[in-house]
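File shown: work-v2.cif. Contents: mmCIF, C-alpha atoms.
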data_structure
#
loop_
_atom_site.group_PDB
_atom_site.id
_atom_site.type_symbol
_atom_site.label_atom_id
_atom_site.label_comp_id
_atom_site.auth_asym_id
_atom_site.auth_seq_id
_atom_site.Cartn_x
_atom_site.Cartn_y
_atom_site.Cartn_z
ATOM 1 C CA MET L 1 -28.853 -0.293 5.611
ATOM 2 C CA ASN L 2 -28.827 2.750 7.870
ATOM 3 C CA SER L 3 -25.860 5.068 7.784
ATOM 4 C CA PRO L 4 -23.520 4.656 10.759
ATOM 5 C CA SER L 5 -23.895 7.462 13.262
ATOM 6 C CA ILE L 6 -21.643 8.888 15.911
ATOM 7 C CA SER L 7 -22.620 10.344 19.260
ATOM 8 C CA SER L 8 -22.757 14.072 19.864
ATOM 9 C CA ASP L 9 -20.004 13.662 22.495
ATOM 10 C CA ALA L 10 -17.762 12.002 19.918
ATOM 11 C CA LYS L 11 -18.486 14.803 17.486
ATOM 12 C CA ASN L 12 -17.608 17.415 20.074
ATOM 13 C CA LYS L 13 -14.288 15.714 20.812
ATOM 14 C CA MET L 14 -13.287 15.890 17.172
ATOM 15 C CA LYS L 15 -11.123 18.910 16.580
ATOM 16 C CA GLU L 16 -10.359 19.159 12.901
ATOM 17 C CA ALA L 17 -7.255 20.613 11.355
ATOM 18 C CA LYS L 18 -7.369 24.204 10.181
ATOM 19 C CA PRO L 19 -9.336 24.699 6.924
ATOM 20 C CA TRP L 20 -6.271 25.442 4.788
ATOM 21 C CA VAL L 21 -4.554 22.299 6.077
ATOM 22 C CA ARG L 22 -7.649 20.195 5.353
ATOM 23 C CA ARG L 23 -7.989 21.535 1.818
ATOM 24 C CA PHE L 24 -4.335 20.973 0.992
ATOM 25 C CA ALA L 25 -4.370 17.496 2.532
ATOM 26 C CA ARG L 26 -7.559 16.424 0.739
ATOM 27 C CA PHE L 27 -6.200 17.699 -2.567
ATOM 28 C CA GLY L 28 -2.959 15.870 -1.788
ATOM 29 C CA TYR L 29 -4.717 12.547 -1.160
ATOM 30 C CA MET L 30 -6.584 12.860 -4.467
ATOM 31 C CA THR L 31 -3.371 13.742 -6.304
ATOM 32 C CA LYS L 32 -1.614 10.729 -4.801
ATOM 33 C CA GLY L 33 -4.567 8.613 -5.959
ATOM 34 C CA ILE L 34 -4.178 9.822 -9.538
ATOM 35 C CA VAL L 35 -0.446 8.982 -9.551
ATOM 36 C CA TYR L 36 -1.010 5.475 -8.169
ATOM 37 C CA GLY L 37 -3.899 4.901 -10.563
ATOM 38 C CA MET L 38 -1.545 5.721 -13.443
ATOM 39 C CA ILE L 39 1.101 3.333 -12.082
ATOM 40 C CA GLY L 40 -1.519 0.598 -11.848
ATOM 41 C CA VAL L 41 -2.690 1.200 -15.424
ATOM 42 C CA LEU L 42 0.892 1.063 -16.753
ATOM 43 C CA ALA L 43 1.596 -2.126 -14.784
ATOM 44 C CA ALA L 44 -1.649 -3.647 -16.098
ATOM 45 C CA LEU L 45 -0.612 -2.844 -19.685
ATOM 46 C CA ALA L 46 2.718 -4.564 -19.022
ATOM 47 C CA ALA L 47 0.920 -7.611 -17.651
ATOM 48 C CA PHE L 48 -1.868 -7.959 -20.194
ATOM 49 C CA GLY L 49 -0.191 -7.138 -23.469
ATOM 50 C CA PRO L 50 2.782 -5.828 -25.460
ATOM 51 C CA GLY L 51 3.787 -2.212 -25.271
ATOM 52 C CA GLY L 52 3.399 -1.949 -21.534
ATOM 53 C CA GLU L 53 6.222 -0.892 -19.304
ATOM 54 C CA MET L 54 6.822 -1.399 -15.616
ATOM 55 C CA THR L 55 7.368 1.943 -13.966
ATOM 56 C CA GLY L 56 7.325 3.659 -10.623
ATOM 57 C CA THR L 57 6.064 7.053 -9.537
ATOM 58 C CA SER L 58 8.590 9.094 -11.543
ATOM 59 C CA GLY L 59 7.883 7.011 -14.631
ATOM 60 C CA ALA L 60 4.160 7.616 -14.204
ATOM 61 C CA LEU L 61 4.800 11.365 -14.130
ATOM 62 C CA GLN L 62 6.872 11.064 -17.301
ATOM 63 C CA SER L 63 3.912 9.316 -18.970
ATOM 64 C CA ILE L 64 1.581 12.099 -17.846
ATOM 65 C CA ALA L 65 4.016 14.681 -19.276
ATOM 66 C CA GLU L 66 3.672 13.085 -22.712
ATOM 67 C CA MET L 67 -0.123 13.375 -22.717
ATOM 68 C CA PRO L 68 -2.137 16.322 -24.096
ATOM 69 C CA PHE L 69 -2.228 19.078 -21.456
ATOM 70 C CA GLY L 70 0.304 17.010 -19.508
ATOM 71 C CA GLU L 71 2.160 20.144 -18.429
ATOM 72 C CA ILE L 72 -0.927 21.558 -16.724
ATOM 73 C CA ALA L 73 -1.643 18.201 -15.089
ATOM 74 C CA LEU L 74 1.911 18.058 -13.728
ATOM 75 C CA TRP L 75 1.652 21.540 -12.219
ATOM 76 C CA ILE L 76 -1.566 20.459 -10.479
ATOM 77 C CA ILE L 77 0.020 17.201 -9.291
ATOM 78 C CA GLY L 78 3.182 18.916 -8.055
ATOM 79 C CA ILE L 79 1.265 21.555 -6.095
ATOM 80 C CA GLY L 80 -1.298 19.018 -4.894
ATOM 81 C CA LEU L 81 1.336 16.671 -3.522
ATOM 82 C CA PHE L 82 2.600 19.440 -1.266
ATOM 83 C CA GLY L 83 -0.711 19.235 0.567
ATOM 84 C CA TYR L 84 -0.150 15.549 1.208
ATOM 85 C CA ILE L 85 3.447 16.262 2.286
ATOM 86 C CA ILE L 86 2.321 18.907 4.798
ATOM 87 C CA TRP L 87 -0.221 16.477 6.258
ATOM 88 C CA ASP L 88 2.415 13.714 6.507
ATOM 89 C CA PHE L 89 4.726 16.025 8.460
ATOM 90 C CA ILE L 90 1.864 17.152 10.712
ATOM 91 C CA LYS L 91 1.061 13.495 11.464
ATOM 92 C CA ALA L 92 4.720 12.795 12.189
ATOM 93 C CA ILE L 93 5.302 15.812 14.461
ATOM 94 C CA LYS L 94 1.931 16.719 16.033
ATOM 95 C CA ASP L 95 0.442 13.197 16.100
ATOM 96 C CA PRO L 96 -3.204 14.082 15.300
ATOM 97 C CA ASP L 97 -3.965 10.344 15.007
ATOM 98 C CA ASN L 98 -2.846 9.809 18.609
ATOM 99 C CA VAL L 99 -0.585 6.866 17.729
ATOM 100 C CA GLY L 100 1.531 7.723 20.753
ATOM 101 C CA THR L 101 5.215 7.588 21.608
ATOM 102 C CA ASP L 102 5.640 3.883 22.253
ATOM 103 C CA ALA L 103 7.697 1.773 19.825
ATOM 104 C CA LYS L 104 4.730 1.086 17.526
ATOM 105 C CA GLY L 105 3.671 4.738 17.497
ATOM 106 C CA LEU L 106 7.171 6.035 16.843
ATOM 107 C CA ILE L 107 7.617 3.607 13.927
ATOM 108 C CA LYS L 108 4.366 4.847 12.381
ATOM 109 C CA ARG L 109 5.313 8.493 12.905
ATOM 110 C CA THR L 110 8.772 7.898 11.430
ATOM 111 C CA GLY L 111 7.038 6.237 8.483
ATOM 112 C CA TYR L 112 4.921 9.373 7.988
ATOM 113 C CA PHE L 113 8.078 11.503 8.000
ATOM 114 C CA ILE L 114 9.844 9.256 5.469
ATOM 115 C CA SER L 115 6.712 9.320 3.314
ATOM 116 C CA GLY L 116 6.754 13.128 3.403
ATOM 117 C CA VAL L 117 10.384 13.200 2.251
ATOM 118 C CA ILE L 118 9.704 10.717 -0.575
ATOM 119 C CA TYR L 119 6.666 12.631 -1.837
ATOM 120 C CA ALA L 120 8.556 15.919 -1.574
ATOM 121 C CA ASN L 121 11.031 14.452 -4.054
ATOM 122 C CA LEU L 122 8.119 13.311 -6.256
ATOM 123 C CA ALA L 123 6.541 16.784 -6.156
ATOM 124 C CA TYR L 124 9.913 18.246 -7.189
ATOM 125 C CA VAL L 125 10.085 15.835 -10.136
ATOM 126 C CA ALA L 126 6.553 16.789 -11.218
ATOM 127 C CA LEU L 127 7.277 20.522 -11.098
ATOM 128 C CA LYS L 128 10.627 20.005 -12.842
ATOM 129 C CA LEU L 129 8.902 18.157 -15.679
ATOM 130 C CA ALA L 130 6.147 20.767 -15.858
ATOM 131 C CA SER L 131 8.676 23.588 -16.212
ATOM 132 C CA HIS L 132 10.686 21.722 -18.893
ATOM 133 C CA ALA L 133 13.712 21.909 -16.605
ATOM 134 C CA GLY L 134 14.451 18.227 -17.078
ATOM 135 C CA SER L 135 12.943 14.790 -17.248
ATOM 136 C CA ALA L 136 12.089 12.212 -14.651
ATOM 137 C CA GLY L 137 14.677 10.026 -16.246
ATOM 138 C CA GLY L 138 15.078 6.293 -16.033
ATOM 139 C CA GLY L 139 17.269 6.317 -12.955
ATOM 140 C CA ASN L 140 16.351 4.639 -9.707
ATOM 141 C CA SER L 141 15.707 7.417 -7.155
ATOM 142 C CA GLU L 142 15.804 4.890 -4.310
ATOM 143 C CA LYS L 143 19.263 3.813 -5.493
ATOM 144 C CA THR L 144 20.374 7.458 -5.402
ATOM 145 C CA ILE L 145 18.936 7.974 -1.908
ATOM 146 C CA SER L 146 20.573 4.834 -0.547
ATOM 147 C CA ALA L 147 23.902 5.698 -2.224
ATOM 148 C CA LYS L 148 23.916 9.147 -0.579
ATOM 149 C CA LEU L 149 22.958 7.691 2.785
ATOM 150 C CA MET L 150 25.704 5.074 2.600
ATOM 151 C CA GLU L 151 28.294 7.811 2.128
ATOM 152 C CA GLN L 152 27.436 9.168 5.588
ATOM 153 C CA PRO L 153 28.760 7.898 8.940
ATOM 154 C CA PHE L 154 26.771 4.817 9.954
ATOM 155 C CA GLY L 155 25.076 5.089 6.527
ATOM 156 C CA ILE L 156 24.767 1.321 6.093
ATOM 157 C CA TRP L 157 22.875 1.076 9.386
ATOM 158 C CA VAL L 158 20.614 3.976 8.382
ATOM 159 C CA VAL L 159 19.774 2.309 5.044
ATOM 160 C CA GLY L 160 19.011 -0.936 6.844
ATOM 161 C CA LEU L 161 16.812 0.907 9.362
ATOM 162 C CA VAL L 162 14.931 2.654 6.550
ATOM 163 C CA GLY L 163 14.330 -0.770 4.984
ATOM 164 C CA VAL L 164 12.970 -2.139 8.264
ATOM 165 C CA ILE L 165 10.643 0.876 8.645
ATOM 166 C CA ILE L 166 9.384 0.535 5.052
ATOM 167 C CA MET L 167 8.771 -3.186 5.569
ATOM 168 C CA GLY L 168 7.034 -2.427 8.873
ATOM 169 C CA TYR L 169 4.802 0.170 7.254
ATOM 170 C CA GLY L 170 4.034 -2.272 4.443
ATOM 171 C CA ALA L 171 3.035 -4.882 7.035
ATOM 172 C CA TYR L 172 0.832 -2.286 8.749
ATOM 173 C CA GLU L 173 -0.918 -1.440 5.466
ATOM 174 C CA LEU L 174 -1.346 -5.146 4.694
ATOM 175 C CA TYR L 175 -2.879 -5.728 8.143
ATOM 176 C CA SER L 176 -5.039 -2.614 7.885
ATOM 177 C CA GLY L 177 -6.358 -3.793 4.522
ATOM 178 C CA MET L 178 -7.068 -7.339 5.668
ATOM 179 C CA LYS L 179 -8.829 -6.215 8.867
ATOM 180 C CA GLU L 180 -10.452 -3.167 7.210
ATOM 181 C CA LYS L 181 -9.030 -0.930 9.939
ATOM 182 C CA PHE L 182 -8.933 1.958 7.471
ATOM 183 C CA MET L 183 -12.716 2.320 7.549
ATOM 184 C CA SER L 184 -12.477 3.911 11.003
ATOM 185 C CA GLU L 185 -10.550 6.804 9.409
ATOM 186 C CA PHE L 186 -13.503 7.757 7.190
ATOM 187 C CA LYS L 187 -16.468 9.962 7.999
ATOM 188 C CA THR L 188 -18.747 7.036 7.200
ATOM 189 C CA PHE L 189 -21.782 8.913 8.522
ATOM 190 C CA GLU L 190 -21.420 11.231 5.488
ATOM 191 C CA MET L 191 -21.242 8.334 2.996
ATOM 192 C CA ASN L 192 -24.103 6.475 1.344
ATOM 193 C CA ASP L 193 -24.212 2.678 1.042
ATOM 194 C CA THR L 194 -22.533 2.613 -2.380
ATOM 195 C CA GLU L 195 -19.713 4.920 -1.297
ATOM 196 C CA ARG L 196 -19.040 2.826 1.809
ATOM 197 C CA LYS L 197 -18.997 -0.362 -0.270
ATOM 198 C CA VAL L 198 -16.599 1.099 -2.859
ATOM 199 C CA ALA L 199 -14.368 2.512 -0.099
ATOM 200 C CA ARG L 200 -14.246 -0.873 1.669
ATOM 201 C CA ILE L 201 -13.394 -2.877 -1.473
ATOM 202 C CA ALA L 202 -10.904 -0.348 -2.887
ATOM 203 C CA GLY L 203 -9.205 0.133 0.482
ATOM 204 C CA LYS L 204 -9.006 -3.571 1.288
ATOM 205 C CA ILE L 205 -7.530 -4.713 -2.032
ATOM 206 C CA GLY L 206 -5.493 -1.538 -2.539
ATOM 207 C CA LEU L 207 -3.823 -1.607 0.873
ATOM 208 C CA ILE L 208 -3.036 -5.313 0.635
ATOM 209 C CA SER L 209 -1.417 -4.771 -2.785
ATOM 210 C CA ARG L 210 0.594 -1.746 -1.679
ATOM 211 C CA GLY L 211 1.594 -3.490 1.532
ATOM 212 C CA ILE L 212 3.089 -6.343 -0.496
ATOM 213 C CA VAL L 213 4.984 -3.932 -2.766
ATOM 214 C CA LEU L 214 6.284 -1.879 0.180
ATOM 215 C CA GLY L 215 7.465 -5.091 1.814
ATOM 216 C CA MET L 216 9.487 -5.861 -1.315
ATOM 217 C CA ILE L 217 10.965 -2.331 -1.440
ATOM 218 C CA GLY L 218 11.944 -2.554 2.237
ATOM 219 C CA PHE L 219 13.589 -5.906 1.598
ATOM 220 C CA PHE L 220 15.660 -4.372 -1.220
ATOM 221 C CA PHE L 221 16.858 -1.599 1.124
ATOM 222 C CA ILE L 222 17.875 -4.178 3.735
ATOM 223 C CA ARG L 223 19.677 -6.181 1.055
ATOM 224 C CA THR L 224 21.458 -2.979 -0.003
ATOM 225 C CA ALA L 225 22.734 -2.494 3.549
ATOM 226 C CA TYR L 226 23.768 -6.156 3.855
ATOM 227 C CA THR L 227 25.674 -6.241 0.556
ATOM 228 C CA ASN L 228 26.891 -2.622 0.822
ATOM 229 C CA ASN L 229 25.785 -2.207 -2.793
ATOM 230 C CA PRO L 230 23.383 0.643 -3.759
ATOM 231 C CA ASP L 231 22.553 -1.222 -6.973
ATOM 232 C CA GLU L 232 20.475 -3.599 -4.850
ATOM 233 C CA SER L 233 18.005 -0.780 -4.043
ATOM 234 C CA LYS L 234 14.768 -0.822 -5.975
ATOM 235 C CA GLY L 235 11.764 1.446 -5.895
ATOM 236 C CA LEU L 236 8.185 0.767 -6.916
ATOM 237 C CA GLY L 237 9.061 0.154 -10.572
ATOM 238 C CA GLY L 238 11.883 -2.206 -9.587
ATOM 239 C CA ALA L 239 9.601 -4.123 -7.223
ATOM 240 C CA LEU L 240 7.022 -4.586 -9.993
ATOM 241 C CA THR L 241 9.738 -5.738 -12.395
ATOM 242 C CA GLU L 242 11.010 -8.229 -9.802
ATOM 243 C CA LEU L 243 7.464 -9.498 -9.290
ATOM 244 C CA ALA L 244 6.962 -9.987 -13.034
ATOM 245 C CA SER L 245 10.150 -12.083 -13.238
ATOM 246 C CA GLN L 246 8.806 -14.713 -10.829
ATOM 247 C CA PRO L 247 6.940 -17.896 -11.875
ATOM 248 C CA PHE L 248 3.436 -16.827 -12.927
ATOM 249 C CA GLY L 249 4.854 -13.295 -12.736
ATOM 250 C CA LYS L 250 2.512 -11.773 -15.314
ATOM 251 C CA PHE L 251 -0.480 -13.141 -13.425
ATOM 252 C CA LEU L 252 0.867 -11.793 -10.118
ATOM 253 C CA LEU L 253 1.674 -8.446 -11.729
ATOM 254 C CA ALA L 254 -1.868 -8.188 -13.108
ATOM 255 C CA ILE L 255 -3.336 -8.755 -9.637
ATOM 256 C CA VAL L 256 -1.038 -6.170 -8.042
ATOM 257 C CA ALA L 257 -1.718 -3.715 -10.904
ATOM 258 C CA ILE L 258 -5.458 -3.926 -10.271
ATOM 259 C CA GLY L 259 -4.729 -3.510 -6.569
ATOM 260 C CA LEU L 260 -2.694 -0.342 -7.216
ATOM 261 C CA ILE L 261 -5.503 1.099 -9.337
ATOM 262 C CA LEU L 262 -7.910 0.412 -6.468
ATOM 263 C CA TYR L 263 -5.376 1.936 -4.063
ATOM 264 C CA GLY L 264 -5.582 5.089 -6.195
ATOM 265 C CA VAL L 265 -9.386 5.008 -5.921
ATOM 266 C CA TYR L 266 -9.058 4.561 -2.151
ATOM 267 C CA GLN L 267 -6.777 7.619 -1.905
ATOM 268 C CA ILE L 268 -9.259 9.724 -3.869
ATOM 269 C CA ILE L 269 -12.013 8.624 -1.468
ATOM 270 C CA ARG L 270 -9.719 9.561 1.439
ATOM 271 C CA GLY L 271 -9.446 13.003 -0.078
ATOM 272 C CA ARG L 272 -13.186 13.378 0.280
ATOM 273 C CA TYR L 273 -14.027 11.551 3.508
ATOM 274 C CA GLN L 274 -10.852 11.238 5.627
ATOM 275 C CA ARG L 275 -11.143 12.366 9.238
ATOM 276 C CA MET L 276 -8.630 15.139 9.871
ATOM 277 C CA ASN L 277 -8.516 15.608 13.598
ATOM 278 C CA PHE L 278 -5.821 17.873 14.918
ATOM 279 C CA GLY L 279 -4.642 18.845 18.343
#
Rewrite the structure of this file - the entire thing - as structure tokens.
Amino acid sequence: MNSPSISSDAKNKMKEAKPWVRRFARFGYMTKGIVYGMIGVLAALAAFGPGGEMTGTSGALQSIAEMPFGEIALWIIGIGLFGYIIWDFIKAIKDPDNVGTDAKGLIKRTGYFISGVIYANLAYVALKLASHAGSAGGGNSEKTISAKLMEQPFGIWVVGLVGVIIMGYGAYELYSGMKEKFMSEFKTFEMNDTERKVARIAGKIGLISRGIVLGMIGFFFIRTAYTNNPDESKGLGGALTELASQPFGKFLLAIVAIGLILYGVYQIIRGRYQRMNFG
């Protein structure tokens, strides 16, 4: 199969982000992939045998901290995530993807901004662990965020809105995975047949899995607003635990765990081949 090509006009229209932004963003995507791969492995261990533990992003960092050279890995992850955070904020403010300012575009751009805030917190946790200043702890960071929001004027409405946006973004990722929309974001003309095949499979299954989990997290935020109870908030680890408690939960958890591992692979591929147009 011949590699897909793009016209010279299309190439000329592509204005890429500045080199330092590209490098940080690509490193950030790969770092995010490593974190999600670890979450998937831990969820798979919980599904397939004893000794496994359901955990979210902070829990995955705690597991990395306990490994040989974990400190060094956490410094790399913490710094690397800042690249992803910068790119999220650029997408939210400058709109390099040209998603626009209609309702759909604004929801996506708000989702990018919320993602940047969430990963900024994760980067802080990684650097805090790396510097021995504390531990990731077993607390639910989403519960803390929702509790702080609910203390503000109109906080309940804000929490509910955040839940709707998270659910909407989850639905977008689910749709993107099912329709393979994500492939248009890659420089496929630089990929060989095997790389395109791996990217398509990893992206499809990974985005569908993460879309389902994000939908659950968004639902928990909405339930928090409805019940006015921050204890109802759950993050990634809580969503996986909830999934495991359902009928055939271990089987469902195993499928989602594999999906999250593939989502990590997809993010690493994004780090190498993502289009980064800007301006």
Who sits within 10 Å of L:Val158, only C-alpha atoms, same chain under 4 positions skipped, as an MDAnalysis selection string: chainID L and resid 146 149:150 152:154 162:164 221:222 225
Enumerate, as a PyMOL selection string, the residues matched when the PyMOL selection byres ((chain L and resi 258-263) around 6) is run on the file above. chain L and resi 37+40+202+205-206+209+255-257+264-266
List the residues matched by the PyMOL selection byres ((chain L and resi 19-34) around 8) in the displayed structure as a list in words, ordered by chain and then by residue number.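 Residues picked by the PyMOL selection byres ((chain L and resi 19-34) around 8): Ala17, Lys18, Val35, Tyr36, Gly37, Met38, Ile77, Gly80, Leu81, Phe82, Gly83, Tyr84, Ile85, Ile86, Trp87, Tyr263, Gly264, Val265, Tyr266, Gln267, Ile268, Ile269, Arg270, Gly271, Arg272, Gln274 and Met276 of chain L.
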Just the selected residues (C-alpha atoms), exported as a PDB file, in the frame of the given file, please.
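Once everything was written out, this is again.pdb:
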ATOM      1  CA  ALA L  17      -7.255  20.613  11.355  1.00  0.00           C
ATOM      2  CA  LYS L  18      -7.369  24.204  10.181  1.00  0.00           C
ATOM      3  CA  VAL L  35      -0.446   8.982  -9.551  1.00  0.00           C
ATOM      4  CA  TYR L  36      -1.010   5.475  -8.169  1.00  0.00           C
ATOM      5  CA  GLY L  37      -3.899   4.901 -10.563  1.00  0.00           C
ATOM      6  CA  MET L  38      -1.545   5.721 -13.443  1.00  0.00           C
ATOM      7  CA  ILE L  77       0.020  17.201  -9.291  1.00  0.00           C
ATOM      8  CA  GLY L  80      -1.298  19.018  -4.894  1.00  0.00           C
ATOM      9  CA  LEU L  81       1.336  16.671  -3.522  1.00  0.00           C
ATOM     10  CA  PHE L  82       2.600  19.440  -1.266  1.00  0.00           C
ATOM     11  CA  GLY L  83      -0.711  19.235   0.567  1.00  0.00           C
ATOM     12  CA  TYR L  84      -0.150  15.549   1.208  1.00  0.00           C
ATOM     13  CA  ILE L  85       3.447  16.262   2.286  1.00  0.00           C
ATOM     14  CA  ILE L  86       2.321  18.907   4.798  1.00  0.00           C
ATOM     15  CA  TRP L  87      -0.221  16.477   6.258  1.00  0.00           C
ATOM     16  CA  TYR L 263      -5.376   1.936  -4.063  1.00  0.00           C
ATOM     17  CA  GLY L 264      -5.582   5.089  -6.195  1.00  0.00           C
ATOM     18  CA  VAL L 265      -9.386   5.008  -5.921  1.00  0.00           C
ATOM     19  CA  TYR L 266      -9.058   4.561  -2.151  1.00  0.00           C
ATOM     20  CA  GLN L 267      -6.777   7.619  -1.905  1.00  0.00           C
ATOM     21  CA  ILE L 268      -9.259   9.724  -3.869  1.00  0.00           C
ATOM     22  CA  ILE L 269     -12.013   8.624  -1.468  1.00  0.00           C
ATOM     23  CA  ARG L 270      -9.719   9.561   1.439  1.00  0.00           C
ATOM     24  CA  GLY L 271      -9.446  13.003  -0.078  1.00  0.00           C
ATOM     25  CA  ARG L 272     -13.186  13.378   0.280  1.00  0.00           C
ATOM     26  CA  GLN L 274     -10.852  11.238   5.627  1.00  0.00           C
ATOM     27  CA  MET L 276      -8.630  15.139   9.871  1.00  0.00           C
TER      28      MET L 276
END
Please give the centre and size of the box around stretch 256-265 of chain L (axis-aligned, containing every atom listed in the file, 6 Å added per side), with values in Å to one decimal and written as lines of an AutoDock Vina configuration file.
center_x = -5.2
center_y = -0.5
center_z = -7.5
size_x = 20.3
size_y = 23.3
size_z = 18.8
Residues around (-6.2, -4.2, 4.2), cut-off 12 Å, counting all atoms listed in the file - what are they as a VMD selection string? chain L and resid 170 to 183 199 to 212 259 262 to 263 266
Could you work out how far atom CA of L:Gly155 lies from atom CA of L:Val99, giving the answer in Å with one decimal? 28.1 Å
When you write stretch 72-86 of chain L out from the block above, keep N, CA, C and O atoms and present the result as a tab-separated table (two decimals), in the first residue's frame, please.
chain	number	residue	atom	x	y	z
L	72	ILE	N	13.94	9.58	39.31
L	72	ILE	CA	14.36	10.17	38.03
L	72	ILE	C	13.20	10.15	37.05
L	72	ILE	O	12.94	11.14	36.35
L	73	ALA	N	12.48	9.02	37.01
L	73	ALA	CA	11.35	8.89	36.10
L	73	ALA	C	10.28	9.94	36.41
L	73	ALA	O	9.68	10.52	35.50
L	74	LEU	N	10.05	10.20	37.70
L	74	LEU	CA	9.04	11.18	38.08
L	74	LEU	C	9.45	12.60	37.70
L	74	LEU	O	8.60	13.41	37.31
L	75	TRP	N	10.73	12.92	37.82
L	75	TRP	CA	11.20	14.24	37.38
L	75	TRP	C	10.94	14.40	35.88
L	75	TRP	O	10.47	15.44	35.42
L	76	ILE	N	11.24	13.35	35.11
L	76	ILE	CA	11.03	13.40	33.66
L	76	ILE	C	9.54	13.54	33.34
L	76	ILE	O	9.14	14.34	32.49
L	77	ILE	N	8.71	12.77	34.06
L	77	ILE	CA	7.26	12.83	33.83
L	77	ILE	C	6.72	14.21	34.19
L	77	ILE	O	5.93	14.81	33.44
L	78	GLY	N	7.13	14.72	35.36
L	78	GLY	CA	6.63	16.03	35.79
L	78	GLY	C	6.99	17.14	34.81
L	78	GLY	O	6.14	17.95	34.44
L	79	ILE	N	8.24	17.15	34.36
L	79	ILE	CA	8.68	18.17	33.40
L	79	ILE	C	8.01	17.95	32.05
L	79	ILE	O	7.56	18.88	31.39
L	80	GLY	N	7.93	16.67	31.65
L	80	GLY	CA	7.32	16.35	30.36
L	80	GLY	C	5.86	16.74	30.28
L	80	GLY	O	5.40	17.24	29.24
L	81	LEU	N	5.13	16.55	31.36
L	81	LEU	CA	3.71	16.90	31.35
L	81	LEU	C	3.48	18.39	31.14
L	81	LEU	O	2.45	18.79	30.61
L	82	PHE	N	4.46	19.22	31.54
L	82	PHE	CA	4.30	20.64	31.33
L	82	PHE	C	4.24	20.98	29.84
L	82	PHE	O	3.57	21.92	29.43
L	83	GLY	N	4.92	20.17	29.02
L	83	GLY	CA	4.81	20.37	27.58
L	83	GLY	C	3.40	20.12	27.09
L	83	GLY	O	2.86	20.90	26.28
L	84	TYR	N	2.79	19.06	27.59
L	84	TYR	CA	1.41	18.75	27.21
L	84	TYR	C	0.46	19.84	27.72
L	84	TYR	O	-0.48	20.23	27.02
L	85	ILE	N	0.72	20.35	28.92
L	85	ILE	CA	-0.12	21.40	29.50
L	85	ILE	C	-0.06	22.67	28.65
L	85	ILE	O	-1.10	23.28	28.34
L	86	ILE	N	1.16	23.06	28.25
L	86	ILE	CA	1.33	24.25	27.41
L	86	ILE	C	0.54	24.09	26.12
L	86	ILE	O	-0.16	25.01	25.68
